[in-house]
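Enquirer: I have a structure here, written as structure tokens, and I will follow up with some questions on it.
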Number of protein chains: 6
Amino acid sequence: MAVVVRNTERTPLTTVDAFAKIGVATIHEAQARTGLFASRLRPIYRPVRVAGNALTCEVAPGDNWSIHVAVEMAQPGDFLIVTPTSPCDDGYFGELLATSLVAHGVRGLVIDAGVRDIAELTAMGFPVWSKTVSAQGTVKETPGNVQTPIVCAGAYIRPGDVIVADDDGVVVVRREDAEVVRAACQGREENEHDKRVRLAAGELGLDMYDMRGKLKDRGLRYVEGTS
Amino acid sequence: MAVVVRNTERTPLTTVDAFAKIGVATIHEAQARTGLFASRLRPIYRPVRVAGNALTCEVAPGDNWSIHVAVEMAQPGDFLIVTPTSPCDDGYFGELLATSLVAHGVRGLVIDAGVRDIAELTAMGFPVWSKTVSAQGTVKETPGNVQTPIVCAGAYIRPGDVIVADDDGVVVVRREDAEVVRAACQGREENEHDKRVRLAAGELGLDMYDMRGKLKDRGLRYVEGTS
Amino acid sequence: MAVVVRNTERTPLTTVDAFAKIGVATIHEAQARTGLFASRLRPIYRPVRVAGNALTCEVAPGDNWSIHVAVEMAQPGDFLIVTPTSPCDDGYFGELLATSLVAHGVRGLVIDAGVRDIAELTAMGFPVWSKTVSAQGTVKETPGNVQTPIVCAGAYIRPGDVIVADDDGVVVVRREDAEVVRAACQGREENEHDKRVRLAAGELGLDMYDMRGKLKDRGLRYVEGTS
Amino acid sequence: MAVVVRNTERTPLTTVDAFAKIGVATIHEAQARTGLFASRLRPIYRPVRVAGNALTCEVAPGDNWSIHVAVEMAQPGDFLIVTPTSPCDDGYFGELLATSLVAHGVRGLVIDAGVRDIAELTAMGFPVWSKTVSAQGTVKETPGNVQTPIVCAGAYIRPGDVIVADDDGVVVVRREDAEVVRAACQGREENEHDKRVRLAAGELGLDMYDMRGKLKDRGLRYVEGTS
Amino acid sequence: MAVVVRNTERTPLTTVDAFAKIGVATIHEAQARTGLFASRLRPIYRPVRVAGNALTCEVAPGDNWSIHVAVEMAQPGDFLIVTPTSPCDDGYFGELLATSLVAHGVRGLVIDAGVRDIAELTAMGFPVWSKTVSAQGTVKETPGNVQTPIVCAGAYIRPGDVIVADDDGVVVVRREDAEVVRAACQGREENEHDKRVRLAAGELGLDMYDMRGKLKDRGLRYVEGTS
Amino acid sequence: MAVVVRNTERTPLTTVDAFAKIGVATIHEAQARTGLFASRLRPIYRPVRVAGNALTCEVAPGDNWSIHVAVEMAQPGDFLIVTPTSPCDDGYFGELLATSLVAHGVRGLVIDAGVRDIAELTAMGFPVWSKTVSAQGTVKETPGNVQTPIVCAGAYIRPGDVIVADDDGVVVVRREDAEVVRAACQGREENEHDKRVRLAAGELGLDMYDMRGKLKDRGLRYVEGTS
């Protein structure tokens with residue numbers, strides 16, 4: 001009963017590519033701390049940062065068949081997001097599938113399961129964020145949905161939403177919010193540059209952010225050590 | 001009541017060494033997806049790949065005494081496989097033991113427990129796959145079995161079975177199957193080379209593996225997006 | 001009701017700095033296997049080793065306000081130790097706070113929670129040992145205690161105790177024991193050098209440590225293999 | 001920036017109540033194995049089964065303020081679903097909040113975090129499914145969204161969707177699918193009754209489900225034991 | 001390539017049944033602390049104790065087909081032991097399969113995966129030890145081996161070995177050792193009865209086991225409190 | 001080098017016993033949310049509540065020897081608190097040790113490790129809070145400290161501090177604070193009784209706690225649903 005949705009909308013690549021210069025933590029802050037994937041997803045190599053359009057894919061436990069189906073739906077600039085329908089640590093993905101994805105312009109993989117051939121994937125420079133690493137292979141018996149909305153590692157993802165991933169983790173930006181969030185990120189980064197200079201010069205955050213009054217209101221007391 | 005078994009059989013090193021060129025995932029596939037250790041075992045540095053004859057060793061929780069016993073049983077080309085008799089994360093193994101093992105020709109360590117001195121082990125190039133890293137030391141009060149069959153990280157291992165480990169994990173090949181599995185791996189690798197070329201050229205796995213009919217039989221439907 | 005304790009005692013930096021040449025495992029052994037933090041704390045990059053005076057800080061779950069308070073208490077040579085009052089994986093700490101700490105002479109961070117901006121922290125060479133990596137930000141609503149005794153990852157820490165951290169983990173040395181422990185470490189290291197030479201030459205630990213009699217007393221038996 | 005949505009749609013209670021007679025596993029099967037919450041959510045007492053309309057609530061880590069906000073939105077037949085915006089094990093909920101919810105007709109709580117006062121909640125017969133039990137209290141500093149779509153324990157939930165929970169776990173049925181799924185469940189249960197009678201009489205599933213041919217096609221072989 | 005082995009040996013039921021009166025901890029002690037399954041396996045209800053002949057079954061992840069195959073191999077007094085070929089938490093087993101197993105004389109289930117319908121299984125008095133509880137169903141696409149040696153939760157099990165399970169966990173006794181272990185258990189239990197009487201009367205274990213000298217030899221010192 | 005401290009101070013039993021009527025969550029609140037043990041410690045049966053004087057005991061991994069040493073230090077009203085010096089899940093404690101402790105007036109056990117014989121302990125009514133249940137036995141080779149300050153499950157405990165444990169978890173009250181905390185708890189409980197009556201009558205927490213203004217200040221907005 002699985003479904004593949006063809007011709008879904010995507011976020012324009014000019015917008016997507018602007019996110020590749022912005023850190024995941026900044027994006028997460030700029031959209032009111034929403035959209036983060038669970039921190040169990042970690043990159044197979046570092047440093048790394050990628051942005052792309054979500055190409056969504058559900059897989060049955062221990063069955064990677066629908067990843068093959070997803071390849072045909074890929075467009076340049078896509079970012080494959082794979083979620084198992086029940087928790088599974090198998091190695092769903094390796095070098096051959098990565099070779100195929102690269103040939104179709106896919107920029108990386110986020111998978112809430114296991115991955116294998118990580119030495120080869122690292123050598124190719126194909127970035128993967130996964131729950132674990134496992135040589136355990138999978139079967140091809142049960143197809144899953146491709147390009148439907150999914151929940152992956154606790155985040156709700158629709159095809160064509162912007163996915164950004166770096167050393168810190170993975171975040172989704174809703175397609176319709178992408179331009180607003182990108183602008184907000186830019187503002188935050190300019191602001192952070194200024195703060196960085198002041199903090200590096202020794203200014204205290206307590207003063208720069210004007211926190212002393214509020215801390216006192218919340219009951220913080222200073223006492224002298226007696227040792 | 002612990003036992004040390006002397007003069008156990010080993011797999012010939014010519015056979016063992018042929019496995020050092022083959023990935024763990026390939027070997028696992030070539031022997032019907034059996035023999036994999038649990039994926040909680042991870043290498044302390046990457047990239048890495050080692051093959052050797054299993055030198056098996058049981059240890060009591062928090063007690064590394066029998067590793068010292070195992071050193072005397074070592075032969076060149078061995079791969080030390082250590083399993084605690086109950087789960088333990090202590091750092092059973094460090095630089096001094098590695099120095100001793102290297103002196104007796106041992107090629108690496110797989111341990112379903114903790115390891116320490118990982119900076120030194122990395123600098124020496126002594127490969128270790130472990131469950132965790134911990135500076136917590138151990139005592140020498142209770143000897144365990146050496147060179148008997150053991151279960152390590154969910155795999156059943158007999159002395160002299162072939163152990164191969166790389167970035168993806170650890171696998172055992174039964175001594176009596178080693179030649180057959182090695183040949184099967186070679187066939188797989190040749191076959192994979194051909195697939196890699198075709199996938200890199202953009203051919204879809206759906207076509208290359210002739211999956212479309214079977215997917216349709218399993219009920220996969222394609223629909224148009226409406227967004 | 002949070003408290004900040006000013007002007008706490010510290011261990012002299014001459015003593016602290018001597019620890020930066022000693023491994024965590026050695027220190028742990030030299031003080032009767034006490035003082036180790038739980039092994040869930042891992043460094044964000046390797047190899048690394050740092051020693052400093054504990055600057056202690058409690059944080060509410062998802063709230064990093066008191067880290068800002070702690071910066072003002074910092075002195076050159078301090079090592080910031082942060083523990084949440086209930087378990088939390090959020091990213092409490094990033095590049096801006098690190099910039100501020102560096103400006104005040106702080107050498108590193110140990111945190112039983114999450115950290116973010118790890119690419120930037122790695123590039124700066126600011127060492128962090130954390131439970132996890134997460135882009136999830138925090139609020140500034142509830143101050144916590146600064147420079148009071150805390151429990152962090154199972155270890156009991158008082159301000160000004162010596163903290164040493166490396167690839168293997170994190171250990172605390174009580175301020176009043178620091179000189180004695182440092183001397184004991186030196187003795188161990190000299191002793192280890194001699195052992196390393198003998199083991200590298202092929203001498204067995206069984207002989208070097210004179211273990212054969214005790215092993216026999218504990219019932220270890222040697223048998224011949226029959227395969 | 002939190003939002004409370006008033007006057008959201010609900011599923012009619014006649015439909016909701018029909019689900020209270022159906023097991024979670026059956027519902028999950030009847031809707032193509034979708035909608036299950038992660039299995040880390042466990043009931044505080046057993047046996048238990050409840051169905052209700054989702055009353056959704058996001059909470060900040062260590063902060064239960066928006067649960068108080070949610071109470072005012074409650075209608076008889078509601079089922080409170082609480083998700084933290086970052087992972088947290090604190091005890092967000094206890095006897096006083098349960099007393100308040102019962103007074104407003106709420107039938108139970110699902111929370112991907114901790115709960116406390118479980119002896120009192122059990123004595124009151126107020127059912128709770130939670131990730132953990134913890135006496136750790138929370139603050140009231142940061143309000144979260146109430147009655148917006150949320151992801152809880154990996155499931156996507158909208159206000160007024162049907163939630164059913166029993167000893168096996170928790171499942172969501174989309175409001176618009178509720179009648180169809182209910183009917184499908186009834187069909188499954190009648191069918192299961194017949195199967196149960198035949199299996200209890202000793203008939204094999206291999207014959208009842210006509211599996212022998214398909215097993216042979218997939219390569220299953222029968223051999224004689226040799227021991 | 002899965003295999004079903006017919007007509008495997010079993011341990012005589014007179015021997016098996018004698019184990020049903022003995023606790024798992026006692027059996028584990030009586031056979032030199034071997035044979036324990038990992039403690040992640042917990043019973044779905046308590047108190048409970050069962051002994052039976054191992055009927056072994058491997059399952060693919062998310063696929064319970066071979067459990068149906070195993071039912072046909074069952075004989076009265078069997079205890080079904082199921083292990084997935086890669087880690088999986090799905091609910092492989094429920095009320096219908098239990099009904100079928102009971103009809104063929106099977107006494108219980110040990111599974112290193114999930115189980116569902118636990119309210120019904122509890123009401124039927126069908127005992128199950130599992131890694132988790134999950135309503136997530138499974139498919140029937142890939143058969144696994146039945147009645148071959150397996151590793152389940154870290155223990156090595158052959159068909160017809162004795163399995164005993166109670167509130168404390170699960171243990172295997174090798175078929176060929178069953179009589180000797182049973183006799184050793186009886187000796188331990190008689191000895192424990194005597195100790196229990198003496199300890200209940202206030203005698204110290206330090207004296208009863210004559211530990212004071214050995215403790216002193218190991219460096220235990222008594223000091224007076226100063227508070 | 002282990003030490004046993006004799007004749008340590010205890011909290012008067014009249015004070016201790018007053019805590020047995022108060023829930024752990026209330027005590028934790030009454031002392032500024034301090035003193036809670038990690039929530040991984042769970043009772044072996046429910047409902048249950050116990051208060052006693054901490055009798056502290058460190059154990060080596062897989063070694064329960066010092067529990068025998070601790071029995072001799074016991075006084076009526078004590079509560080045994082056991083922590084391993086490195087993480088371990090073995091079953092350190094069973095029915096015989098419980099029989100001995102009961103004979104010396106000990107009221108229960110908290111252990112950050114495993115316990116066994118839980119059917120017998122439940123039948124005896126001897127309460128235990130543990131990290132896990134395991135039949136895995138332990139050795140008697142390495143004594144640990146008894147009646148010294150310890151860290152157990154993240155809490156810092158000194159001999160004679162008050163320990164209270166119930167269905168929600170375990171908390172420590174410092175000996176010198178016991179009277180003040182007990183009085184504060186009584187005040188909280190009276191206050192809670194009044195709130196319970198008002199909430200049961202349907203009064204909203206939003207009004208009872210006067211939260212509406214503060215919520216508005218923090219930016220909470222109410223909007224109408226559009227579905």
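Numbering starts fresh at 1 for the residues of each chain in the structure tokens, the chains themselves are lettered A, B, ... in the order given, and ligands are numbered from 1 as they appear.
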Applying 7 Å and only C-alpha atoms, which residues near Val146 in chain D remain after dropping the ones on its own chain fewer than 5 positions away? List them as a list in words.

Expert: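 The residues that qualify are Val3, Val4, Val5, Thr56, Cys57, Glu58 and Ala70 of chain D.
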
Enquirer: Residues of the last selection are to be written out with all heavy atoms, as a compact mmCIF listing (two decimals), in the first residue's frame.

Expert:
# COMPACT_ATOMS: atom_id res chain seq x y z
N VAL D 3 1.74 30.00 21.41
CA VAL D 3 0.37 30.22 20.96
C VAL D 3 -0.56 29.19 21.57
O VAL D 3 -0.19 28.02 21.70
CB VAL D 3 0.33 30.13 19.42
CG1 VAL D 3 -1.10 30.00 18.91
CG2 VAL D 3 1.00 31.34 18.79
N VAL D 4 -1.75 29.62 21.95
CA VAL D 4 -2.82 28.71 22.37
C VAL D 4 -3.95 28.82 21.34
O VAL D 4 -4.44 29.93 21.08
CB VAL D 4 -3.38 29.10 23.75
CG1 VAL D 4 -4.41 28.07 24.22
CG2 VAL D 4 -2.26 29.26 24.76
N VAL D 5 -4.33 27.70 20.75
CA VAL D 5 -5.41 27.72 19.76
C VAL D 5 -6.71 27.30 20.42
O VAL D 5 -6.82 26.21 20.97
CB VAL D 5 -5.08 26.82 18.55
CG1 VAL D 5 -6.16 26.97 17.49
CG2 VAL D 5 -3.71 27.15 17.99
N THR D 56 -3.28 18.87 22.75
CA THR D 56 -1.82 18.89 22.60
C THR D 56 -1.16 20.03 23.36
O THR D 56 -1.73 21.11 23.50
CB THR D 56 -1.40 19.00 21.12
OG1 THR D 56 -1.73 20.30 20.65
CG2 THR D 56 -2.08 17.95 20.27
N CYS D 57 0.06 19.77 23.80
CA CYS D 57 0.74 20.71 24.69
C CYS D 57 2.25 20.53 24.55
O CYS D 57 2.77 19.44 24.76
CB CYS D 57 0.29 20.41 26.13
SG CYS D 57 1.01 21.44 27.37
N GLU D 58 2.94 21.61 24.20
CA GLU D 58 4.40 21.59 24.19
C GLU D 58 4.92 22.21 25.49
O GLU D 58 4.38 23.21 25.96
CB GLU D 58 4.95 22.40 23.01
CG GLU D 58 4.85 21.68 21.69
CD GLU D 58 5.52 22.45 20.57
OE1 GLU D 58 5.45 23.70 20.60
OE2 GLU D 58 6.07 21.83 19.67
N ALA D 70 -3.03 24.42 29.31
CA ALA D 70 -3.82 23.44 28.57
C ALA D 70 -5.10 23.06 29.30
O ALA D 70 -6.13 22.78 28.67
CB ALA D 70 -2.98 22.19 28.30

Enquirer: DSSP on the backbone, strand (DSSP E or B) only: what residues of range 160-222 of chain C does that give? Format it as a PDB file with all heavy atoms, in the first residue's frame.

Expert:
ATOM      1  N   VAL C 162      41.679  20.097  41.382  1.00  0.00           N
ATOM      2  CA  VAL C 162      42.338  19.982  40.078  1.00  0.00           C
ATOM      3  C   VAL C 162      41.535  19.050  39.180  1.00  0.00           C
ATOM      4  O   VAL C 162      41.165  17.951  39.586  1.00  0.00           O
ATOM      5  CB  VAL C 162      43.776  19.433  40.218  1.00  0.00           C
ATOM      6  CG1 VAL C 162      44.452  19.370  38.849  1.00  0.00           C
ATOM      7  CG2 VAL C 162      44.577  20.302  41.189  1.00  0.00           C
ATOM      8  N   ILE C 163      41.256  19.507  37.968  1.00  0.00           N
ATOM      9  CA  ILE C 163      40.579  18.685  36.970  1.00  0.00           C
ATOM     10  C   ILE C 163      41.564  18.407  35.844  1.00  0.00           C
ATOM     11  O   ILE C 163      42.199  19.339  35.339  1.00  0.00           O
ATOM     12  CB  ILE C 163      39.353  19.415  36.389  1.00  0.00           C
ATOM     13  CG1 ILE C 163      38.401  19.882  37.493  1.00  0.00           C
ATOM     14  CG2 ILE C 163      38.636  18.545  35.350  1.00  0.00           C
ATOM     15  CD1 ILE C 163      37.712  18.780  38.259  1.00  0.00           C
ATOM     16  N   VAL C 164      41.698  17.159  35.465  1.00  0.00           N
ATOM     17  CA  VAL C 164      42.533  16.792  34.318  1.00  0.00           C
ATOM     18  C   VAL C 164      41.664  15.990  33.359  1.00  0.00           C
ATOM     19  O   VAL C 164      40.894  15.121  33.781  1.00  0.00           O
ATOM     20  CB  VAL C 164      43.765  15.959  34.728  1.00  0.00           C
ATOM     21  CG1 VAL C 164      44.705  15.771  33.540  1.00  0.00           C
ATOM     22  CG2 VAL C 164      44.503  16.624  35.893  1.00  0.00           C
ATOM     23  N   ALA C 165      41.765  16.311  32.072  1.00  0.00           N
ATOM     24  CA  ALA C 165      40.953  15.613  31.079  1.00  0.00           C
ATOM     25  C   ALA C 165      41.790  15.332  29.852  1.00  0.00           C
ATOM     26  O   ALA C 165      42.616  16.160  29.454  1.00  0.00           O
ATOM     27  CB  ALA C 165      39.734  16.468  30.700  1.00  0.00           C
ATOM     28  N   ASP C 166      41.606  14.151  29.272  1.00  0.00           N
ATOM     29  CA  ASP C 166      42.299  13.819  28.023  1.00  0.00           C
ATOM     30  C   ASP C 166      41.411  12.902  27.175  1.00  0.00           C
ATOM     31  O   ASP C 166      40.205  12.811  27.408  1.00  0.00           O
ATOM     32  CB  ASP C 166      43.694  13.228  28.309  1.00  0.00           C
ATOM     33  CG  ASP C 166      43.663  11.886  29.013  1.00  0.00           C
ATOM     34  OD1 ASP C 166      42.586  11.255  29.101  1.00  0.00           O
ATOM     35  OD2 ASP C 166      44.735  11.445  29.468  1.00  0.00           O
ATOM     36  N   GLY C 169      39.158  10.485  29.239  1.00  0.00           N
ATOM     37  CA  GLY C 169      38.084  10.923  30.117  1.00  0.00           C
ATOM     38  C   GLY C 169      38.516  12.063  31.011  1.00  0.00           C
ATOM     39  O   GLY C 169      39.414  12.823  30.668  1.00  0.00           O
ATOM     40  N   VAL C 170      37.843  12.162  32.179  1.00  0.00           N
ATOM     41  CA  VAL C 170      38.032  13.301  33.075  1.00  0.00           C
ATOM     42  C   VAL C 170      38.204  12.790  34.498  1.00  0.00           C
ATOM     43  O   VAL C 170      37.486  11.879  34.924  1.00  0.00           O
ATOM     44  CB  VAL C 170      36.812  14.259  33.014  1.00  0.00           C
ATOM     45  CG1 VAL C 170      37.089  15.528  33.807  1.00  0.00           C
ATOM     46  CG2 VAL C 170      36.421  14.577  31.576  1.00  0.00           C
ATOM     47  N   VAL C 171      39.130  13.398  35.245  1.00  0.00           N
ATOM     48  CA  VAL C 171      39.352  12.993  36.638  1.00  0.00           C
ATOM     49  C   VAL C 171      39.522  14.229  37.504  1.00  0.00           C
ATOM     50  O   VAL C 171      40.008  15.266  37.039  1.00  0.00           O
ATOM     51  CB  VAL C 171      40.589  12.058  36.745  1.00  0.00           C
ATOM     52  CG1 VAL C 171      41.888  12.813  36.530  1.00  0.00           C
ATOM     53  CG2 VAL C 171      40.619  11.311  38.070  1.00  0.00           C
ATOM     54  N   VAL C 172      39.103  14.124  38.764  1.00  0.00           N
ATOM     55  CA  VAL C 172      39.323  15.200  39.732  1.00  0.00           C
ATOM     56  C   VAL C 172      40.355  14.754  40.766  1.00  0.00           C
ATOM     57  O   VAL C 172      40.329  13.605  41.213  1.00  0.00           O
ATOM     58  CB  VAL C 172      38.014  15.599  40.438  1.00  0.00           C
ATOM     59  CG1 VAL C 172      37.368  14.436  41.174  1.00  0.00           C
ATOM     60  CG2 VAL C 172      38.243  16.772  41.400  1.00  0.00           C
ATOM     61  N   VAL C 173      41.255  15.673  41.123  1.00  0.00           N
ATOM     62  CA  VAL C 173      42.197  15.451  42.221  1.00  0.00           C
ATOM     63  C   VAL C 173      41.864  16.477  43.302  1.00  0.00           C
ATOM     64  O   VAL C 173      41.790  17.680  43.015  1.00  0.00           O
ATOM     65  CB  VAL C 173      43.654  15.643  41.752  1.00  0.00           C
ATOM     66  CG1 VAL C 173      44.633  15.417  42.901  1.00  0.00           C
ATOM     67  CG2 VAL C 173      43.967  14.737  40.584  1.00  0.00           C
ATOM     68  N   ARG C 221      43.805 -23.751  35.127  1.00  0.00           N
ATOM     69  CA  ARG C 221      44.369 -24.994  34.601  1.00  0.00           C
ATOM     70  C   ARG C 221      44.690 -24.828  33.123  1.00  0.00           C
ATOM     71  O   ARG C 221      43.971 -24.139  32.412  1.00  0.00           O
ATOM     72  CB  ARG C 221      43.363 -26.151  34.714  1.00  0.00           C
ATOM     73  CG  ARG C 221      43.164 -26.659  36.120  1.00  0.00           C
ATOM     74  CD  ARG C 221      42.197 -27.821  36.123  1.00  0.00           C
ATOM     75  NE  ARG C 221      40.948 -27.480  35.450  1.00  0.00           N
ATOM     76  CZ  ARG C 221      40.453 -28.127  34.398  1.00  0.00           C
ATOM     77  NH1 ARG C 221      41.109 -29.154  33.863  1.00  0.00           N
ATOM     78  NH2 ARG C 221      39.302 -27.755  33.855  1.00  0.00           N
ATOM     79  N   TYR C 222      45.752 -25.473  32.687  1.00  0.00           N
ATOM     80  CA  TYR C 222      46.103 -25.490  31.268  1.00  0.00           C
ATOM     81  C   TYR C 222      45.779 -26.864  30.709  1.00  0.00           C
ATOM     82  O   TYR C 222      46.139 -27.870  31.310  1.00  0.00           O
ATOM     83  CB  TYR C 222      47.587 -25.193  31.082  1.00  0.00           C
ATOM     84  CG  TYR C 222      47.933 -23.742  31.336  1.00  0.00           C
ATOM     85  CD1 TYR C 222      48.110 -23.262  32.628  1.00  0.00           C
ATOM     86  CD2 TYR C 222      48.066 -22.838  30.283  1.00  0.00           C
ATOM     87  CE1 TYR C 222      48.420 -21.930  32.873  1.00  0.00           C
ATOM     88  CE2 TYR C 222      48.374 -21.502  30.515  1.00  0.00           C
ATOM     89  CZ  TYR C 222      48.549 -21.057  31.810  1.00  0.00           C
ATOM     90  OH  TYR C 222      48.839 -19.737  32.037  1.00  0.00           O
TER      91      TYR C 222
END

Enquirer: Pick out the chain F residues within 6 Å of chain B. Count only C-alpha atoms. Give them as JSON, numbers by chain.

Expert: {"F": [61, 62, 88]}

Enquirer: Can I get the selected residues back with all heavy atoms, as a compact mmCIF listing (two decimals), in the first residue's frame?

Expert:
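out.txt written:
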# COMPACT_ATOMS: atom_id res chain seq x y z
N PRO F 61 33.42 -3.43 40.97
CA PRO F 61 32.53 -4.00 39.96
C PRO F 61 32.50 -5.52 40.05
O PRO F 61 33.55 -6.16 40.11
CB PRO F 61 33.15 -3.55 38.63
CG PRO F 61 34.54 -3.14 38.94
CD PRO F 61 34.55 -2.70 40.36
N GLY F 62 31.30 -6.09 40.12
CA GLY F 62 31.17 -7.54 40.17
C GLY F 62 31.62 -8.15 41.48
O GLY F 62 31.91 -9.35 41.55
N CYS F 88 28.23 -1.06 36.86
CA CYS F 88 28.09 -2.52 36.81
C CYS F 88 26.63 -2.88 37.00
O CYS F 88 25.95 -2.28 37.84
CB CYS F 88 28.95 -3.16 37.90
SG CYS F 88 28.99 -4.95 37.77

Enquirer: Take CA of Ala2 in chain D and CA of Gly225 in chain F and report the distance between them in Å, one decimal.

Expert: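 Computing the Euclidean distance for CA of Ala2 in chain D and CA of Gly225 in chain F yields 14.7 Å.
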
Enquirer: Write out as an MDAnalysis selection string each polymer residue whose atoms come within 6 Å of range 37-44 of chain D, counting only C-alpha atoms; drop sequence neighbours fewer than 2 positions from it.

Expert: (chainID D and resid 128:131 153:155 170:171) or (chainID E and resid 134)

Enquirer: Go through range 66-201 of chain F and collect every residue that DSSP, computed from the backbone, puts in alpha helix (DSSP H); the answer should be as a ChimeraX atom specification.

Expert: /F:66-73,95-103,118-124,178-200

Enquirer: With only C-alpha atoms as the counted atoms, please give the residues lying no more than 10 Å from Glu176 in chain C, apart from itself and same-chain residues fewer than 5 positions off, as a list in words.

Expert: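 After dropping sequence-adjacent residues, the list is Thr11, Gly160, Asp161, Val162 and Val181 of chain C.
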
Enquirer: What does the structure give for the distance between CA of Tyr45 in chain E and CA of Asp167 in chain D, in Å to one decimal?

Expert: 11.8 Å

Enquirer: Tell me which protein, DNA and RNA residues are within 10 Å of Lys214 in chain F, counting only C-alpha atoms, leaving out same-chain ones fewer than 4 positions away, and put them as a list in words.

Expert: Lys140, Glu141 and Pro143 of chain D; Asp210, Arg218, Gly219 and Leu220 of chain F

Enquirer: Using only C-alpha atoms, pick whichever of D:Thr83, D:Thr14, D:Thr132, D:Gln31 has the shortest atom-to-atom distance to Cys152 in chain D.

Expert: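 That would be D:Thr83, the residue with the smallest distance to Cys152 in chain D.
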
Enquirer: Between CA of Phe19 in chain B and CA of Ile150 in chain E, what distance in Å does the model show, to one decimal?

Expert: 24.9 Å

Enquirer: List as a list in words the protein and nucleic acid residues near Glu179 in chain F, meaning an atom at most 10 Å away when only C-alpha atoms are counted, but skip any in the same chain fewer than 4 places from it.

Expert: Thr11, Thr15, Val16, Ala18, Phe19, Val173, Arg174, Arg175, Ala183, Ala184 and Cys185 of chain F

Enquirer: Which neighbours of Arg182 in chain C fall inside 9 Å, counting only C-alpha atoms, when residues of the same chain fewer than 4 positions from it are skipped, and could you give them as a list in words?

Expert: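 Surrounding residues, per the criterion: Thr15, Ala18, Phe19, Ile22, Ile27, Ala30, Asp177, Ala178, Gln186 and Gly187 of chain C.
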